[in-house]
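As provided, coords-v9.cif (mmCIF, C-alpha atoms) reads as follows.
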```cif
data_data
#
loop_
_atom_site.label_atom_id
_atom_site.label_comp_id
_atom_site.auth_asym_id
_atom_site.auth_seq_id
_atom_site.Cartn_x
_atom_site.Cartn_y
_atom_site.Cartn_z
CA MET A 1 0.00 0.00 0.00
CA ILE A 2 3.02 2.28 0.51
CA GLN A 3 5.69 2.28 -2.19
CA ILE A 4 9.17 3.79 -1.86
CA LEU A 5 9.97 6.02 -4.84
CA GLU A 6 13.35 7.50 -4.01
CA ARG A 7 16.12 7.17 -1.47
CA SER A 8 18.85 9.66 -0.58
CA ILE A 9 22.23 9.08 -2.21
CA ILE A 10 23.85 10.37 0.97
CA ASP A 11 22.49 8.05 3.68
CA ASN A 12 19.94 5.86 1.85
CA SER A 13 17.06 7.40 3.80
CA ILE A 14 13.62 7.56 2.15
CA THR A 15 13.00 10.91 0.42
CA GLN A 16 9.86 10.11 -1.61
CA PHE A 17 7.11 7.56 -1.30
CA ARG A 18 3.72 6.89 -2.86
CA VAL A 19 0.50 6.01 -1.04
CA HIS A 20 -2.10 3.87 -2.79
CA ASP A 21 -5.24 5.83 -3.70
CA LEU A 22 -7.43 3.47 -1.66
CA LEU A 23 -5.36 4.11 1.46
CA HIS A 24 -5.32 7.83 0.67
CA ASP A 25 -9.13 7.98 0.40
CA LEU A 26 -9.58 5.90 3.54
CA ALA A 27 -7.28 8.18 5.53
CA ILE A 28 -9.19 11.29 4.44
CA GLN A 29 -12.54 9.68 5.29
CA GLU A 30 -11.32 8.63 8.75
CA ALA A 31 -9.84 12.09 9.37
CA LYS A 32 -13.20 13.71 8.61
CA GLN A 33 -15.20 11.29 10.71
CA LYS A 34 -12.93 11.66 13.75
CA SER A 35 -12.43 15.42 13.32
CA PHE A 36 -8.69 14.95 12.93
CA LEU A 37 -8.33 17.75 10.38
CA LYS A 38 -10.55 20.39 8.76
CA VAL A 39 -9.54 22.03 5.47
CA PHE A 40 -11.05 25.43 4.62
CA SER A 41 -10.64 26.03 0.89
CA THR A 42 -14.02 27.39 -0.29
CA GLN A 43 -16.67 29.68 1.17
CA ALA A 44 -18.88 26.66 1.76
CA ASP A 45 -16.34 25.24 4.22
CA PHE A 46 -16.99 28.22 6.51
CA GLU A 47 -20.73 27.69 6.80
CA ASN A 48 -20.27 25.40 9.80
CA ASN A 49 -17.59 25.55 12.46
CA THR A 50 -15.51 22.48 13.27
CA ASP A 51 -14.49 20.43 16.30
CA ALA A 52 -11.24 19.37 14.62
CA CYS A 53 -8.03 19.97 16.54
CA ARG A 54 -6.20 20.82 13.31
CA ALA A 55 -7.31 23.40 10.74
CA THR A 56 -5.82 24.39 7.39
CA PHE A 57 -6.83 27.53 5.47
CA GLN A 58 -6.07 27.77 1.77
CA LEU A 59 -8.19 30.10 -0.35
CA GLU A 60 -7.86 31.42 -3.86
CA ASP A 61 -7.66 35.21 -4.19
CA SER A 62 -11.03 35.35 -5.95
CA SER A 63 -12.77 33.38 -3.21
CA TRP A 64 -11.16 35.47 -0.50
CA LYS A 65 -12.11 38.76 -2.13
CA ASP A 66 -15.78 37.87 -2.25
CA ALA A 67 -16.00 36.17 1.12
CA SER A 68 -18.02 37.89 3.80
CA PHE A 69 -16.02 36.15 6.52
CA LYS A 70 -12.70 37.81 5.68
CA GLN A 71 -13.01 40.31 8.54
CA ASN A 72 -14.13 37.74 11.09
CA THR A 73 -11.92 36.19 13.72
CA LEU A 74 -10.86 32.57 13.64
CA ILE A 75 -12.67 31.70 16.85
CA GLU A 76 -15.93 31.80 14.91
CA TYR A 77 -14.92 28.75 12.84
CA THR A 78 -12.85 26.64 15.23
CA LYS A 79 -12.79 25.65 18.88
CA PRO A 80 -10.43 27.24 21.44
CA ASN A 81 -8.76 23.86 22.00
CA VAL A 82 -7.41 23.69 18.43
CA ARG A 83 -3.83 22.32 18.37
CA THR A 84 -2.67 23.16 14.81
CA LEU A 85 -3.34 26.15 12.54
CA ILE A 86 -1.93 26.29 9.00
CA PHE A 87 -2.41 29.22 6.61
CA PHE A 88 -1.43 29.37 2.95
CA GLY A 89 -1.41 32.77 1.25
CA LYS A 90 -4.03 34.34 3.55
CA ILE A 91 -4.42 34.59 7.30
CA ILE A 92 -7.46 35.10 9.49
CA PRO A 93 -6.94 37.04 12.74
CA PHE A 94 -6.77 34.45 15.52
CA GLY A 95 -6.18 36.59 18.59
CA SER A 96 -4.99 35.03 21.83
CA GLN A 97 -7.84 32.57 22.49
CA PHE A 98 -5.92 29.46 21.41
CA LYS A 99 -3.95 28.83 24.58
CA LEU A 100 -3.33 25.17 23.72
CA LEU A 101 -1.96 25.75 20.22
CA ARG A 102 1.03 23.51 19.47
CA VAL A 103 1.72 24.27 15.77
CA LEU A 104 1.37 27.58 13.91
CA MET A 105 2.36 27.71 10.25
CA VAL A 106 1.99 30.59 7.77
CA GLU A 107 3.33 30.45 4.22
CA ASN A 108 3.52 33.05 1.45
CA PHE A 109 1.88 36.00 3.19
CA ASP A 110 2.65 39.74 3.28
CA PHE A 111 2.10 41.16 6.76
CA ASP A 112 1.09 44.80 7.11
CA ASP A 113 1.66 46.81 10.30
CA GLU A 114 -1.71 45.88 11.81
CA GLN A 115 -1.21 42.18 11.13
CA GLN A 116 2.32 42.30 12.55
CA ALA A 117 0.97 43.85 15.76
CA SER A 118 -1.74 41.18 15.94
CA LEU A 119 0.79 38.39 15.41
CA LYS A 120 3.08 39.78 18.12
CA LYS A 121 0.21 39.99 20.58
CA SER A 122 -0.98 36.46 19.77
CA LEU A 123 2.49 34.89 20.14
CA LYS A 124 2.84 36.26 23.66
CA GLY A 125 -0.05 34.08 24.78
CA LEU A 126 0.96 30.82 23.08
CA LEU A 127 2.79 29.28 26.01
CA HIS A 128 2.45 25.70 24.70
CA LEU A 129 3.61 26.38 21.14
CA ARG A 130 6.04 23.69 19.90
CA CYS A 131 6.43 24.60 16.22
CA LEU A 132 6.41 28.06 14.62
CA VAL A 133 6.79 28.34 10.84
CA LEU A 134 6.62 31.71 9.06
CA ARG A 135 7.97 30.75 5.65
CA ASP A 136 8.25 32.94 2.56
CA CYS A 137 6.54 35.85 4.31
CA ASP A 138 7.24 39.58 4.03
CA PHE A 139 7.49 41.73 7.15
CA ASP A 140 8.46 45.33 7.85
CA ASP A 141 11.30 45.38 10.42
CA PHE A 142 9.52 42.87 12.60
CA CYS A 143 11.23 41.65 15.78
CA LEU A 144 9.86 38.22 16.65
CA PRO A 145 8.80 38.00 20.32
CA THR A 146 10.05 34.76 21.89
CA ASP A 147 9.94 35.67 25.60
CA ASN A 148 6.99 33.39 26.36
CA LEU A 149 7.77 30.57 23.93
CA HIS A 150 9.49 28.42 26.55
CA ASN A 151 8.33 25.13 24.97
CA LEU A 152 9.27 25.94 21.36
CA GLN A 153 11.12 23.14 19.56
CA THR A 154 11.05 24.21 15.90
CA LEU A 155 11.46 27.75 14.54
CA ASP A 156 11.45 28.10 10.75
CA LEU A 157 11.57 31.53 9.11
CA GLN A 158 13.03 30.32 5.84
CA ASP A 159 12.81 32.80 2.91
CA SER A 160 11.01 35.40 5.05
CA GLU A 161 12.19 39.01 4.74
CA ASP A 162 12.70 41.84 7.26
CA ILE A 163 12.16 39.70 10.33
CA VAL A 164 14.72 39.72 13.15
CA VAL A 165 15.33 37.23 15.94
CA PRO A 166 18.06 38.32 18.40
CA ILE A 167 20.28 35.43 19.39
CA MET A 168 19.83 36.40 23.03
CA SER A 169 16.14 35.56 22.67
CA LEU A 170 16.94 32.09 21.36
CA LEU A 171 19.36 31.34 24.16
CA GLY A 172 16.49 31.53 26.60
CA ILE A 173 14.59 28.69 24.90
CA LYS A 174 16.23 25.50 26.16
CA THR A 175 13.81 23.21 24.32
CA LEU A 176 14.86 24.30 20.81
CA ARG A 177 15.75 21.47 18.43
CA HIS A 178 15.53 22.91 14.91
CA VAL A 179 16.13 26.56 13.93
CA SER A 180 16.10 27.88 10.37
CA ILE A 181 16.33 31.69 10.38
CA GLU A 182 18.71 34.59 9.81
CA ILE A 183 20.28 35.66 13.09
CA GLY A 184 23.43 37.41 14.23
CA PRO A 185 25.22 37.42 17.60
CA ASP A 186 24.47 40.27 19.96
CA PRO A 187 27.42 42.73 20.18
CA ASN A 188 27.36 42.23 23.95
CA LEU A 189 27.08 38.43 23.80
CA GLN A 190 30.62 37.77 24.99
CA SER A 191 30.39 39.98 28.08
CA LEU A 192 26.88 38.83 28.98
CA ILE A 193 27.79 35.15 28.89
CA GLY A 194 31.11 35.76 30.60
CA ARG A 195 29.38 37.51 33.51
CA GLY A 196 26.75 34.79 33.74
CA LEU A 197 23.99 37.13 32.61
CA ALA A 198 23.11 35.11 29.53
CA PRO A 199 22.82 31.33 29.11
CA ALA A 200 25.21 29.70 26.65
CA ASP A 201 23.72 26.21 26.46
CA LEU A 202 21.35 24.88 23.83
CA PRO A 203 21.51 21.23 24.88
CA TYR A 204 18.85 19.83 22.55
CA LEU A 205 19.56 21.89 19.43
CA GLN A 206 20.15 19.65 16.39
CA THR A 207 19.70 22.05 13.44
CA LEU A 208 20.87 25.66 13.14
CA GLU A 209 20.49 27.23 9.70
CA GLY A 210 20.99 30.88 8.87
CA LEU A 211 23.54 31.96 11.49
CA THR A 212 24.74 35.27 10.03
CA ILE A 213 27.89 36.49 11.74
CA GLN A 214 28.61 40.21 11.64
CA ASN A 215 30.34 40.32 15.00
CA PRO A 216 31.83 36.95 15.98
CA ALA A 217 32.77 37.96 19.54
CA GLY A 218 31.27 35.48 21.98
CA ILE A 219 30.09 32.96 19.41
CA GLU A 220 32.69 30.47 20.67
CA LEU A 221 31.02 30.46 24.09
CA LEU A 222 27.89 28.79 22.77
CA ASN A 223 27.50 25.17 23.81
CA MET A 224 25.53 23.00 21.37
CA PRO A 225 26.72 19.43 22.09
CA ASN A 226 24.07 17.70 19.96
CA LEU A 227 24.17 19.98 16.92
CA ARG A 228 24.07 17.94 13.71
CA ARG A 229 23.36 20.51 10.99
CA LEU A 230 24.92 23.98 10.84
CA SER A 231 24.65 26.68 8.19
CA LEU A 232 26.49 29.95 8.80
CA ALA A 233 27.61 33.05 6.93
CA ASN A 234 30.70 34.96 8.05
CA TYR A 235 31.02 38.40 6.48
CA THR A 236 34.01 39.38 8.61
CA ASP A 237 37.74 38.68 8.39
CA SER A 238 37.77 37.25 11.91
CA TRP A 239 37.73 33.45 12.23
CA GLU A 240 39.22 32.73 15.66
CA SER A 241 35.89 32.56 17.48
CA ILE A 242 34.28 30.52 14.71
CA LEU A 243 37.15 28.03 14.59
CA THR A 244 36.83 27.58 18.35
CA LEU A 245 33.10 26.92 17.97
CA LEU A 246 33.64 24.38 15.17
CA ASP A 247 36.26 22.63 17.27
CA LYS A 248 33.54 21.93 19.86
CA LEU A 249 31.08 20.40 17.38
CA GLY A 250 31.95 16.74 17.10
CA CYS A 251 28.50 15.47 16.06
CA LEU A 252 27.98 17.50 12.87
CA VAL A 253 26.50 15.62 9.94
CA SER A 254 26.05 18.63 7.64
CA LEU A 255 28.01 21.90 7.47
CA GLU A 256 27.48 24.90 5.17
CA ILE A 257 29.67 28.01 5.27
CA LEU A 258 29.27 31.19 3.22
CA HIS A 259 32.36 33.35 3.59
CA ASN A 260 34.61 36.07 2.18
CA GLY A 261 37.83 34.15 2.76
CA LEU A 262 38.24 30.63 4.15
CA PRO A 263 41.36 30.10 6.31
CA LEU A 264 43.36 26.90 6.25
CA GLY A 265 42.85 26.43 9.99
CA ILE A 266 39.22 25.43 9.46
CA PHE A 267 40.33 22.08 8.04
CA ASN A 268 42.00 21.22 11.36
CA THR A 269 38.90 21.69 13.53
CA ARG A 270 37.03 18.83 15.14
CA ALA A 271 34.04 19.39 12.87
CA PHE A 272 36.16 18.64 9.79
CA SER A 273 38.18 15.79 11.19
CA GLY A 274 35.19 13.99 12.70
CA TYR A 275 33.80 10.81 11.21
CA ASP A 276 30.17 11.96 11.30
CA LEU A 277 30.35 14.80 8.75
CA LEU A 278 28.68 13.62 5.54
CA THR A 279 27.71 16.85 3.75
CA LEU A 280 29.95 19.88 3.23
CA ASP A 281 29.11 23.11 1.39
CA LEU A 282 31.75 25.87 1.12
CA ASP A 283 30.89 29.07 -0.75
CA GLY A 284 33.68 31.65 -1.10
CA LYS A 285 37.37 32.09 -1.84
CA TRP A 286 39.91 29.98 0.01
CA LEU A 287 42.88 31.68 1.73
CA LEU A 288 45.33 28.86 1.10
CA GLU A 289 48.21 31.05 -0.11
CA ASP A 290 51.17 28.67 -0.72
CA VAL A 291 49.51 25.64 0.87
CA THR A 292 48.93 22.63 -1.39
CA LEU A 293 45.57 20.87 -1.28
CA ASN A 294 45.48 17.29 -0.12
CA ALA A 295 42.73 14.74 0.50
CA ASN A 296 43.47 14.55 4.24
CA MET A 297 42.05 18.06 4.63
CA PHE A 298 38.53 16.74 4.08
CA PRO A 299 36.37 14.60 6.40
CA PRO A 300 37.10 10.91 5.78
CA HIS A 301 33.48 9.80 5.32
CA LEU A 302 32.29 12.75 3.26
CA THR A 303 29.53 11.70 0.84
CA LYS A 304 28.39 15.07 -0.56
CA LEU A 305 30.65 18.03 -1.35
CA GLN A 306 29.63 21.36 -2.88
CA LEU A 307 32.27 23.99 -3.64
CA LEU A 308 31.48 27.46 -5.00
CA ARG A 309 33.77 30.39 -5.85
CA SER A 310 36.82 28.79 -4.18
CA GLY A 311 39.36 30.33 -6.58
CA ILE A 312 41.68 27.27 -6.56
CA ASP A 313 44.41 27.42 -9.22
CA GLN A 314 45.42 23.74 -9.07
CA ASP A 315 43.34 20.94 -10.58
CA PRO A 316 41.09 19.75 -7.70
CA MET A 317 40.26 16.39 -9.27
CA PRO A 318 43.49 14.52 -8.29
CA ILE A 319 42.67 15.48 -4.67
CA LEU A 320 38.90 15.04 -4.59
CA GLU A 321 38.99 11.70 -6.44
CA LYS A 322 40.73 10.20 -3.40
CA LEU A 323 37.66 10.72 -1.21
CA GLN A 324 36.55 7.11 -1.06
CA CYS A 325 32.98 7.74 0.15
CA LEU A 326 32.10 10.74 -2.04
CA LYS A 327 28.84 10.21 -3.95
CA VAL A 328 27.75 13.75 -4.96
CA LEU A 329 30.13 16.48 -6.14
CA THR A 330 29.20 20.01 -7.23
CA LEU A 331 31.81 22.44 -8.59
CA TRP A 332 30.28 25.81 -9.43
CA PHE A 333 31.50 29.19 -10.63
CA SER A 334 35.19 29.99 -10.04
CA VAL A 335 36.01 26.93 -7.96
CA TYR A 336 38.88 26.10 -10.30
CA THR A 337 40.55 28.83 -12.35
CA GLY A 338 42.78 26.54 -14.42
CA LYS A 339 42.22 25.44 -17.99
CA GLN A 340 42.76 21.66 -17.84
CA MET A 341 41.11 19.03 -15.67
CA ILE A 342 41.87 15.30 -15.48
CA CYS A 343 39.91 12.47 -13.86
CA SER A 344 42.37 9.60 -13.51
CA ARG A 345 41.96 5.83 -13.51
CA GLY A 346 40.39 4.47 -10.32
CA GLY A 347 39.41 7.89 -9.03
CA PHE A 348 36.02 8.66 -7.44
CA PRO A 349 35.16 5.01 -6.70
CA GLN A 350 31.69 5.85 -5.25
CA LEU A 351 30.76 9.02 -7.15
CA GLN A 352 27.24 8.90 -8.61
CA LYS A 353 26.44 12.52 -9.46
CA LEU A 354 28.75 15.26 -10.79
CA ASP A 355 27.69 18.84 -11.59
CA CYS A 356 30.31 21.18 -13.13
CA TYR A 357 29.97 24.90 -13.82
CA LEU A 358 33.54 26.02 -14.60
CA ASP A 359 33.71 28.97 -16.96
CA GLU A 360 37.53 28.92 -17.32
CA LEU A 361 37.84 25.24 -18.19
CA GLU A 362 39.08 24.50 -21.73
CA GLU A 363 39.98 20.81 -21.67
CA TRP A 364 38.61 17.91 -19.65
CA LYS A 365 40.03 14.40 -19.84
CA ILE A 366 38.39 11.34 -18.31
CA GLU A 367 40.61 8.26 -18.25
CA GLU A 368 39.40 4.67 -18.47
CA GLU A 369 37.97 3.20 -15.25
CA ALA A 370 37.54 6.64 -13.72
CA MET A 371 34.27 7.25 -11.84
CA PRO A 372 33.08 3.61 -12.21
CA MET A 373 29.68 4.31 -10.58
CA LEU A 374 28.80 7.68 -12.14
CA ASN A 375 25.23 7.78 -13.46
CA HIS A 376 24.35 11.49 -13.53
CA LEU A 377 26.57 14.18 -15.14
CA ILE A 378 25.72 17.85 -15.72
CA ILE A 379 28.02 20.22 -17.60
CA ARG A 380 26.76 23.79 -17.52
CA GLY A 381 28.06 27.23 -18.44
CA CYS A 382 31.56 26.01 -19.36
CA ARG A 383 31.87 28.65 -22.04
CA ARG A 384 35.52 27.87 -22.88
CA LEU A 385 35.25 24.08 -22.99
CA LYS A 386 36.14 23.00 -26.51
CA MET A 387 34.61 19.52 -26.59
CA VAL A 388 32.81 17.00 -24.44
CA PRO A 389 35.09 14.55 -22.62
CA ASP A 390 35.11 10.99 -23.87
CA LEU A 391 32.29 9.48 -21.85
CA ARG A 392 32.65 6.03 -23.39
CA HIS A 393 34.93 5.34 -20.43
CA VAL A 394 31.91 5.76 -18.13
CA PRO A 395 29.51 2.96 -19.15
CA THR A 396 27.33 3.43 -16.05
CA LEU A 397 26.30 6.96 -17.10
CA SER A 398 22.53 7.13 -17.66
CA VAL A 399 21.80 10.88 -17.53
CA LEU A 400 23.75 13.66 -19.25
CA GLY A 401 22.78 17.33 -19.08
CA LEU A 402 24.46 19.99 -21.23
CA TYR A 403 23.18 23.41 -20.16
CA ALA A 404 24.09 26.84 -21.58
CA MET A 405 27.06 25.50 -23.50
CA PRO A 406 28.72 27.38 -26.45
CA ASP A 407 27.25 26.90 -29.92
CA GLU A 408 30.43 25.27 -31.23
CA PHE A 409 30.43 22.80 -28.33
CA THR A 410 26.82 21.89 -28.99
CA ARG A 411 27.49 21.50 -32.72
CA ARG A 412 30.35 19.08 -32.07
CA VAL A 413 28.24 17.02 -29.65
CA LYS A 414 25.61 16.54 -32.35
CA ASN A 415 28.15 15.67 -35.05
CA GLU A 416 31.79 14.57 -34.73
CA ASP A 417 31.63 13.97 -30.94
CA GLN A 418 28.37 12.04 -30.98
CA HIS A 419 30.17 8.71 -30.62
CA LYS A 420 31.37 9.82 -27.16
CA ILE A 421 27.85 10.01 -25.75
CA GLN A 422 25.68 7.72 -27.91
CA HIS A 423 25.56 5.01 -25.20
CA ILE A 424 23.84 7.36 -22.72
CA PRO A 425 20.04 6.72 -22.48
CA SER A 426 18.99 10.25 -21.47
CA ILE A 427 20.66 13.35 -22.93
CA THR A 428 19.33 16.88 -22.39
CA ILE A 429 20.72 19.87 -24.27
CA LYS A 430 19.24 23.29 -23.52
CA ALA A 431 20.20 26.96 -23.60
CA ASP A 432 19.21 27.71 -19.98
CA ILE A 433 21.82 27.45 -17.26
CA TYR A 434 19.43 25.71 -14.84
#
```
Show me the file's structure as structure tokens.
Amino acid sequence: MIQILERSIIDNSITQFRVHDLLHDLAIQEAKQKSFLKVFSTQADFENNTDACRATFQLEDSSWKDASFKQNTLIEYTKPNVRTLIFFGKIIPFGSQFKLLRVLMVENFDFDDEQQASLKKSLKGLLHLRCLVLRDCDFDDFCLPTDNLHNLQTLDLQDSEDIVVPIMSLLGIKTLRHVSIEIGPDPNLQSLIGRGLAPADLPYLQTLEGLTIQNPAGIELLNMPNLRRLSLANYTDSWESILTLLDKLGCLVSLEILHNGLPLGIFNTRAFSGYDLLTLDLDGKWLLEDVTLNANMFPPHLTKLQLLRSGIDQDPMPILEKLQCLKVLTLWFSVYTGKQMICSRGGFPQLQKLDCYLDELEEWKIEEEAMPMLNHLIIRGCRRLKMVPDLRHVPTLSVLGLYAMPDEFTRRVKNEDQHKIQHIPSITIKADIY
């Protein structure tokens, strides 16, 4: 009744599955009968209120414009004991009556000043809230109140604009597990923690995405022993505090860093040398100076690596191909500024997907028995690449994408170089870069 459609290349976890239509219909029928969930999508849905503990509101603009209920409050359609409220595109004022609310989710909504004030007032009364999602929403210099959210576990403000959450506010919520927002350390963080005036422990935090560092002082004092996923942006030239923080994170599975200049010292931290790190994303120029790259700089069990704008002048392939567990590799923009790239025999023994966007590359050679498990290759925006590499040496390749390539390159692929790719079942050639 449940069929697995897709598994992750990284850890083999299930990413997509299909439910049989009979089971789908049965679940909906049972949900309606037992008041598990009420969906408000048309004006007719608002004619009767509901006893359901979970309510979802999704209305088309035309329906909303003509609806007489648009100025009403939510309490007129649901019970005060509702546990979950989900809004898509539109939001109905819900006040502070829902004291037992556990989940509040709003997607794709533009808040005006009145609605921001209403949201701030409502959040102060939601003492039992576990999950707060304000995704793809527009605010106007809105400071999210978190003083009373002592039971919050998930905070997701992904793709929302002009909303601020001071890190000092988050430090007071000990129950946090997953945070996806844009935050920056308080300028006084170091002194406050040092004097014992601010807590430094987030013992249950597992995901922290969107840590924007404009003043790194004090960031190294944070204690997140169970953190598994970290995404940060450092727009300063100071790395000492950040390196100290990374040296304390021995359980990281995924790490993403956006930076102006990556120091060599970062490769010696505990986060990089640990055996748990599987996914690494580095966006920005490396400050390697006269240091030579070597495979020992990378985590030993790395399965997914994404490099952007690194500015490396030596061919990265002889180094990266020694990563025995690597399955997904993305090289975008000015990662490599050289003109020639070689994938040697026996390199990349586990690599399954390769995506290259190297605008300075002119020649690419793939030797026999290189990348023996590769099945997905994308070459995009390589405006100086003269011809496609000989892919006959990669018999496992099943998908080839050639995006935004020069006209002469495309002409050769369709004519004199066709024998290099004719064994590939799926070939896509298009002018768009994505």
Residues matched by the PyMOL selection byres ((chain A and resi 16-29) around 8), written as a PDB file with C-alpha atoms, in the frame of the given file:
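What landed in expr03.pdb:
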```pdb
ATOM      1  CA  MET A   1       0.000   0.000   0.000  1.00  0.00           C
ATOM      2  CA  ILE A   2       3.020   2.280   0.510  1.00  0.00           C
ATOM      3  CA  GLN A   3       5.690   2.280  -2.190  1.00  0.00           C
ATOM      4  CA  ILE A   4       9.170   3.790  -1.860  1.00  0.00           C
ATOM      5  CA  LEU A   5       9.970   6.020  -4.840  1.00  0.00           C
ATOM      6  CA  GLU A   6      13.350   7.500  -4.010  1.00  0.00           C
ATOM      7  CA  ARG A   7      16.120   7.170  -1.470  1.00  0.00           C
ATOM      8  CA  ILE A  14      13.620   7.560   2.150  1.00  0.00           C
ATOM      9  CA  THR A  15      13.000  10.910   0.420  1.00  0.00           C
ATOM     10  CA  GLU A  30     -11.320   8.630   8.750  1.00  0.00           C
ATOM     11  CA  ALA A  31      -9.840  12.090   9.370  1.00  0.00           C
ATOM     12  CA  LYS A  32     -13.200  13.710   8.610  1.00  0.00           C
ATOM     13  CA  GLN A  33     -15.200  11.290  10.710  1.00  0.00           C
TER      14      GLN A  33
END
```
message = Evaluate the PyMOL selection byres ((chain A and resi 320-329) around 10) against this structure - the residues, as a PyMOL selection string, please.
response = chain A and resi 9-10+278-280+293-296+298-307+315-319+330-332+343-356+370-371+373-374+376-377
request  = Excluding Asn151 (chain A) and any residue of its chain fewer than 3 positions from it, enumerate the residues within 12 Å of it, using all atoms listed in the file, and give them as a list in words.
outcome  = Leu100, Leu101, Arg102, Val103, Leu126, Leu127, His128, Leu129, Arg130, Cys131, Leu132, Thr146, Asp147, Asn148, Thr154, Leu155, Leu170, Gly172, Ile173, Lys174, Thr175, Leu176 and Arg177 of chain A
Got time to write the residues from that selection, C-alpha atoms, as a compact mmCIF listing (two decimals), in the coordinates of the input?
```txt
# COMPACT_ATOMS: atom_id res chain seq x y z
CA LEU A 100 -3.33 25.17 23.72
CA LEU A 101 -1.96 25.75 20.22
CA ARG A 102 1.03 23.51 19.47
CA VAL A 103 1.72 24.27 15.77
CA LEU A 126 0.96 30.82 23.08
CA LEU A 127 2.79 29.28 26.01
CA HIS A 128 2.45 25.70 24.70
CA LEU A 129 3.61 26.38 21.14
CA ARG A 130 6.04 23.69 19.90
CA CYS A 131 6.43 24.60 16.22
CA LEU A 132 6.41 28.06 14.62
CA THR A 146 10.05 34.76 21.89
CA ASP A 147 9.94 35.67 25.60
CA ASN A 148 6.99 33.39 26.36
CA THR A 154 11.05 24.21 15.90
CA LEU A 155 11.46 27.75 14.54
CA LEU A 170 16.94 32.09 21.36
CA GLY A 172 16.49 31.53 26.60
CA ILE A 173 14.59 28.69 24.90
CA LYS A 174 16.23 25.50 26.16
CA THR A 175 13.81 23.21 24.32
CA LEU A 176 14.86 24.30 20.81
CA ARG A 177 15.75 21.47 18.43
```
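The space between CA of Met105 (chain A) and CA of Asp141 (chain A) spans 19.8 Å.
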task = Tell me which residues the PyMOL selection byres ((chain A and resi 230-237) around 8) grabs here, as a list in words.
result = Thr207, Leu208, Glu209, Gly210, Leu211, Thr212, Ile213, Gln214, Asn215, Leu227, Arg228, Arg229, Ser238, Trp239, Leu252, Ser254, Leu255, Glu256, Ile257, Leu258, His259, Asn260 and Gly261 of chain A
remark   = From CA of Thr428 (chain A) to CA of Glu360 (chain A) the spacing works out at 22.4 Å
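With distances taken over all atoms listed in the file, A:Leu397 is the one residue among A:Lys90, A:Ser8, A:Leu397, A:Leu361 lying closest to Pro425 (chain A).
The protein and nucleic acid residues lying at most 10 Å from Pro145 (chain A) are Leu119, Lys120, Lys121, Ser122, Leu123, Lys124, Val164, Val165, Pro166 and Ser169 of chain A, with only C-alpha atoms considered and sequence neighbours fewer than 5 positions away removed.
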query = Within 6 Å of Asp313 (chain A), counting all atoms listed in the file, which residues qualify if same-chain residues fewer than 2 places away don't, as a list in words?
reply = Tyr336, Thr337 and Gly338 of chain A
Can you spit out the residues from that selection as a PDB file, keeping the file's coordinate frame, using C-alpha atoms?
```
ATOM      1  CA  TYR A 336      38.880  26.100 -10.300  1.00  0.00           C
ATOM      2  CA  THR A 337      40.550  28.830 -12.350  1.00  0.00           C
ATOM      3  CA  GLY A 338      42.780  26.540 -14.420  1.00  0.00           C
TER       4      GLY A 338
END
```
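Between CA of Gln206 (chain A) and CA of Cys143 (chain A) the interatomic distance comes to 23.7 Å.
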Nearest to Asp201 (chain A) by atom-to-atom distance, counting all atoms listed in the file, from A:Glu107, A:Glu408, A:Asp112, A:Glu220 = A:Glu220
task = With a distance cut-off of 8 Å and all atoms listed in the file, select the neighbouring residues of Lys248 (chain A), excluding the residue or stretch itself and same-chain residues fewer than 3 positions from it, and output the selection as a list of chain:residue names.
result = A:Asn223, A:Pro225, A:Thr244, A:Leu245, A:Arg270, A:Ala271
Please enclose the listed atoms of region 405-408 of chain A in an axis-aligned box, pad each side by 4 Å, and write out the centre and the three edge lengths in Å, rounded to one decimal, as JSON.
```
{"center_x": 28.7, "center_y": 26.3, "center_z": -27.4, "size_x": 11.4, "size_y": 10.1, "size_z": 15.7}
```
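When all atoms listed in the file are used to compute distances to Asn375 (chain A), the closest of the residues A:Val388, A:Ile342, A:Ile92, A:Ile427 turns out to be A:Ile427.
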